[in-house]
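Coordinates as given in target22.txt (compact mmCIF, C-alpha atoms):
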# COMPACT_ATOMS: atom_id res chain seq x y z
CA MET H 25 39.20 75.94 91.38
CA PRO H 26 39.51 72.69 93.35
CA ASP H 27 37.82 69.39 92.40
CA THR H 28 34.21 68.96 93.29
CA SER H 29 34.99 65.38 94.39
CA THR H 30 36.55 66.19 97.76
CA SER H 31 36.19 69.08 100.13
CA SER H 32 38.03 70.35 103.15
CA PRO H 33 37.32 73.16 105.58
CA THR H 34 38.24 76.70 104.65
CA LEU H 35 40.85 78.14 107.01
CA PRO H 36 42.83 81.38 107.06
CA ALA H 37 46.60 81.12 106.88
CA GLY H 38 48.67 82.93 109.45
CA SER H 39 51.42 83.22 106.84
CA ALA H 40 49.53 85.75 104.69
CA ARG H 41 51.27 89.13 104.43
CA PRO H 42 49.06 91.91 103.08
CA SER H 43 50.79 94.05 100.47
CA GLY H 44 48.94 97.31 101.13
CA ASP H 45 46.15 98.89 99.11
CA ALA H 46 47.51 98.15 95.63
CA ALA H 47 46.41 95.05 93.74
CA PRO H 48 49.14 92.40 93.91
CA THR H 49 51.10 91.81 90.72
CA PRO H 50 51.83 88.31 89.38
CA ALA H 51 55.38 88.67 90.77
CA GLU H 52 54.03 89.54 94.23
CA LEU H 53 51.67 86.56 94.10
CA LEU H 54 54.62 84.35 93.15
CA GLU H 55 56.60 85.66 96.13
CA PHE H 56 53.61 84.96 98.41
CA VAL H 57 53.13 81.38 97.18
CA ARG H 58 56.89 80.68 97.48
CA ARG H 59 56.94 81.98 101.05
CA THR H 60 53.78 80.03 101.93
CA ALA H 61 55.06 76.82 100.30
CA ALA H 62 58.17 77.08 102.51
CA ASP H 63 55.97 77.05 105.66
CA THR H 64 56.37 73.34 106.45
CA ALA H 65 54.00 73.49 109.43
CA LEU H 66 51.22 74.84 107.19
CA VAL H 67 51.95 72.38 104.38
CA ASP H 68 52.04 69.46 106.85
CA SER H 69 48.69 70.56 108.33
CA LEU H 70 46.81 69.85 105.10
CA PRO H 71 44.75 66.67 105.43
CA LEU H 72 45.57 64.38 102.50
CA ASP H 73 42.94 62.09 101.00
CA PRO H 74 44.10 59.04 99.02
CA GLU H 75 41.35 59.47 96.42
CA GLY H 76 40.58 63.14 95.86
CA ARG H 77 42.19 66.53 96.07
CA THR H 78 41.92 68.39 99.36
CA TRP H 79 42.38 72.08 99.98
CA LEU H 80 42.47 74.87 102.49
CA ARG H 81 41.59 78.41 101.55
CA LEU H 82 44.23 80.93 102.64
CA GLU H 83 44.33 84.69 103.01
CA GLY H 84 46.35 86.02 100.11
CA PRO H 85 48.08 89.39 99.84
CA GLY H 86 46.18 92.51 98.83
CA GLY H 87 42.76 90.86 98.71
CA SER H 88 43.88 87.94 96.55
CA GLU H 89 42.45 84.45 96.83
CA ALA H 90 44.86 81.67 97.80
CA TRP H 91 44.69 77.91 98.24
CA LEU H 92 46.84 75.12 99.68
CA ILE H 93 46.01 72.01 97.60
CA GLY H 94 46.81 68.32 98.15
CA TRP H 95 47.07 66.14 95.06
CA PRO H 96 46.81 62.34 95.42
CA PRO H 97 48.75 60.25 92.90
CA GLY H 98 47.23 60.40 89.43
CA THR H 99 44.99 63.44 89.95
CA GLY H 100 44.74 66.67 87.99
CA THR H 101 42.65 69.70 87.26
CA GLY H 102 41.73 69.14 83.64
CA TRP H 103 42.09 72.02 81.19
CA HIS H 104 40.83 75.33 82.62
CA ASP H 105 41.39 79.07 82.85
CA HIS H 106 40.99 81.47 85.76
CA GLY H 107 38.21 83.73 84.51
CA GLY H 108 40.51 86.68 83.80
CA SER H 109 42.46 86.59 87.06
CA HIS H 110 46.26 86.53 87.06
CA GLY H 111 48.02 84.26 89.49
CA ALA H 112 50.90 82.08 90.58
CA PHE H 113 51.54 78.63 91.98
CA VAL H 114 54.42 76.76 93.61
CA THR H 115 54.79 73.08 94.38
CA ALA H 116 55.42 72.72 98.12
CA ALA H 117 55.92 68.93 98.21
CA GLY H 118 56.18 66.23 95.58
CA GLU H 119 56.12 67.11 91.91
CA LEU H 120 53.49 68.43 89.51
CA TRP H 121 53.36 68.77 85.74
CA GLU H 122 51.78 71.72 83.99
CA GLN H 123 50.54 71.57 80.43
CA SER H 124 49.60 74.98 79.06
CA LEU H 125 48.72 76.79 75.86
CA ALA H 126 50.98 79.53 74.51
CA ALA H 127 48.03 81.24 72.85
CA ARG H 128 45.48 83.79 73.94
CA LEU H 129 41.99 82.33 73.57
CA PRO H 130 38.85 84.36 73.07
CA THR H 131 36.83 84.34 76.31
CA GLU H 132 33.36 84.57 74.77
CA GLY H 133 31.47 83.48 71.69
CA TRP H 134 32.90 80.04 71.02
CA LYS H 135 32.38 76.41 72.03
CA THR H 136 35.11 74.64 70.02
CA LEU H 137 38.53 75.81 68.82
CA GLU H 138 41.16 74.07 66.73
CA LEU H 139 44.60 74.80 68.18
CA ALA H 140 47.71 75.44 66.09
CA ASP H 141 50.51 72.86 66.20
CA ASP H 142 52.98 75.01 68.14
CA VAL H 143 50.91 76.20 71.13
CA ASP H 144 51.52 73.36 73.59
CA ARG H 145 53.90 73.83 76.50
CA GLU H 146 54.76 71.35 79.23
CA ARG H 147 56.84 71.85 82.36
CA ARG H 148 57.84 69.85 85.39
CA VAL H 149 57.22 71.78 88.61
CA ALA H 150 59.29 70.16 91.37
CA ALA H 151 59.08 71.09 95.06
CA GLY H 152 60.12 74.71 95.52
CA GLN H 153 59.47 75.60 91.88
CA GLY H 154 56.55 77.53 90.44
CA ARG H 155 55.44 80.23 88.10
CA ALA H 156 53.34 83.32 87.72
CA PHE H 157 50.85 83.73 84.87
CA GLY H 158 48.63 86.36 83.30
CA PRO H 159 44.86 86.67 83.03
CA HIS H 160 44.54 84.65 79.81
CA HIS H 161 46.41 81.53 80.98
CA VAL H 162 44.86 78.16 80.03
CA HIS H 163 46.41 75.05 81.53
CA GLU H 164 46.03 71.79 83.36
CA VAL H 165 48.03 70.69 86.39
CA LEU H 166 48.73 67.01 87.09
CA ASN H 167 50.30 64.82 89.74
CA THR H 168 51.63 62.03 87.51
CA SER H 169 53.16 60.09 90.41
CA THR H 170 51.75 56.62 90.99
CA ASP H 171 52.59 56.56 94.69
CA ARG H 172 53.22 60.04 96.13
CA HIS H 173 51.02 62.99 97.05
CA ALA H 174 51.98 66.48 95.92
CA VAL H 175 51.05 69.72 97.68
CA SER H 176 50.95 73.17 96.09
CA VAL H 177 50.06 76.77 96.90
CA HIS H 178 48.05 78.93 94.45
CA ALA H 179 47.05 82.60 94.53
CA TYR H 180 44.80 84.62 92.19
CA TYR H 181 43.91 88.27 91.78
CA PRO H 182 41.26 89.37 91.53
CA PRO H 183 39.65 86.49 93.44
CA LEU H 184 38.39 83.98 90.90
CA PRO H 185 35.14 85.27 89.35
CA LEU H 186 34.72 82.00 87.46
CA ILE H 187 36.61 79.07 85.98
CA ARG H 188 36.06 77.86 82.45
CA ARG H 189 36.65 74.12 82.08
CA TYR H 190 37.66 72.62 78.77
CA SER H 191 38.01 69.17 77.24
CA ARG H 192 40.73 68.46 74.75
CA THR H 193 40.97 65.87 72.00
CA GLY H 194 44.12 66.27 69.94
CA ALA H 195 44.15 69.84 68.61
CA VAL H 196 40.48 70.48 69.47
CA LEU H 197 39.66 72.40 72.66
CA ARG H 198 36.01 72.50 73.69
CA LEU H 199 34.40 74.68 76.35
CA GLU H 200 32.53 72.27 78.63
CA GLN H 201 31.50 74.20 81.73
CA VAL H 202 31.67 77.55 83.48
CA GLU H 203 31.94 77.29 87.28
CA ARG H 204 31.18 80.10 89.70
CA PRO H 205 32.70 80.50 93.21
CA ALA H 206 29.62 79.06 94.95
CA GLU H 207 30.41 75.73 93.26
CA TRP H 208 33.83 75.31 94.92
CA GLU H 209 33.64 77.30 98.16
When written as structure tokens, how does the structure in this file appear?
Amino acid sequence: MPDTSTSSPTLPAGSARPSGDAAPTPAELLEFVRRTAADTALVDSLPLDPEGRTWLRLEGPGGSEAWLIGWPPGTGTGWHDHGGSHGAFVTAAGELWEQSLAARLPTEGWKTLELADDVDRERRVAAGQGRAFGPHHVHEVLNTSTDRHAVSVHAYYPPLPLIRRYSRTGAVLRLEQVERPAEWE
């Protein structure tokens, strides 16, 4: 999930509100990340590093995994998916850009895919804005600012079993790496 270049301690968030025994839906995760992003004391508590992303692990609703992430200017995730988990994110401060694919990719049995011309989507995600997504979502998130940090809140259910990382050259998407939770926790 987060970069491997910078790490921060893992802390529970007092703002988590369990949603009972049922698995949280994407809409419920979106509500959670919106509510958490509005917690200015929590957002302001995140230590920001000028060179690498920082993060705090939060307690998400209904057993979900959640993160508060700081994005220095010019940083991003690279292309990735969430290993079959659905989720949501909201920008709490600053502005992020999301580039995503409007296509369902096969999860196994390939290393390189050529993408169709009409699958690219891009959206600006200003402070207070966000989105929910399904289990097949492939995207990259970027802080394109040259001088301002961004902060965001993310939640996933089930907790991320893995992340597939991709490289992209033009229309060609290539599977580069599969990360397991032990690599980012």
8 Å contact set for H:Gln201, only C-alpha atoms, chain neighbours under 4 positions out, as a list in words =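 Close residues of H:Gln201: Arg188, Arg189 and Tyr190 of chain H.
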Find the axis-aligned box for stretch 88-102 of chain H, covering all its listed atoms and adding 6 Å on each side, and write its centre and edge lengths in Å to one decimal as lines of an AutoDock Vina configuration file.
center_x = 45.2
center_y = 74.1
center_z = 91.7
size_x = 19.0
size_y = 39.7
size_z = 28.0
Non-local contacts of H:Trp91 (8 Å; all atoms listed in the file; under 2 positions in same chain excluded) as a list in words |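 After dropping sequence-adjacent residues, the list is Trp79, Leu80, Arg81, Leu82, Glu89, Ile93, Val177, His178 and Ala179 of chain H.
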Give me, please, the distance in Å between atom CA of H:Glu200 and atom CA of H:Arg155, quoted to one decimal.
->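 Computed distance, atom CA of H:Glu200 to atom CA of H:Arg155, equals 26.0 Å.
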How far is it from atom CA of H:Ala116 to atom CA of H:Leu53, in Å with one decimal?
->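 Value for the atom CA of H:Ala116-atom CA of H:Leu53 distance: 14.9 Å.
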Hey, can you check how far atom CA of H:Arg77 sits from atom CA of H:Gly94?
-> 5.4 Å
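Every protein, DNA or RNA residue with an atom at most 10 Å from H:Gly111, where only C-alpha atoms count and chain neighbours fewer than 3 positions away do not, is listed here: H:Pro48, H:Thr49, H:Pro50, H:Ala51, H:Glu52, H:Leu53, H:Leu54, H:Val57, H:Ser88, H:Glu89, H:Ala90, H:His106, H:Gly108, H:Arg155, H:Ala156, H:Phe157, H:Gly158, H:Pro159, H:His161, H:His178, H:Ala179, H:Tyr180, H:Tyr181, H:Pro182, H:Pro183, H:Leu184.
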Within 7 Å of H:Ala117, counting all atoms listed in the file, which residues qualify if same-chain residues fewer than 3 places away don't, as a ChimeraX atom specification?
-> /H:151,174-176
Print the selection's residues with C-alpha atoms to a file, as a PDB file, keeping the file's coordinate frame.
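Result file follows (again.pdb):
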ATOM      1  CA  ALA H 151      59.080  71.090  95.060  1.00  0.00           C
ATOM      2  CA  ALA H 174      51.980  66.480  95.920  1.00  0.00           C
ATOM      3  CA  VAL H 175      51.050  69.720  97.680  1.00  0.00           C
ATOM      4  CA  SER H 176      50.950  73.170  96.090  1.00  0.00           C
TER       5      SER H 176
END
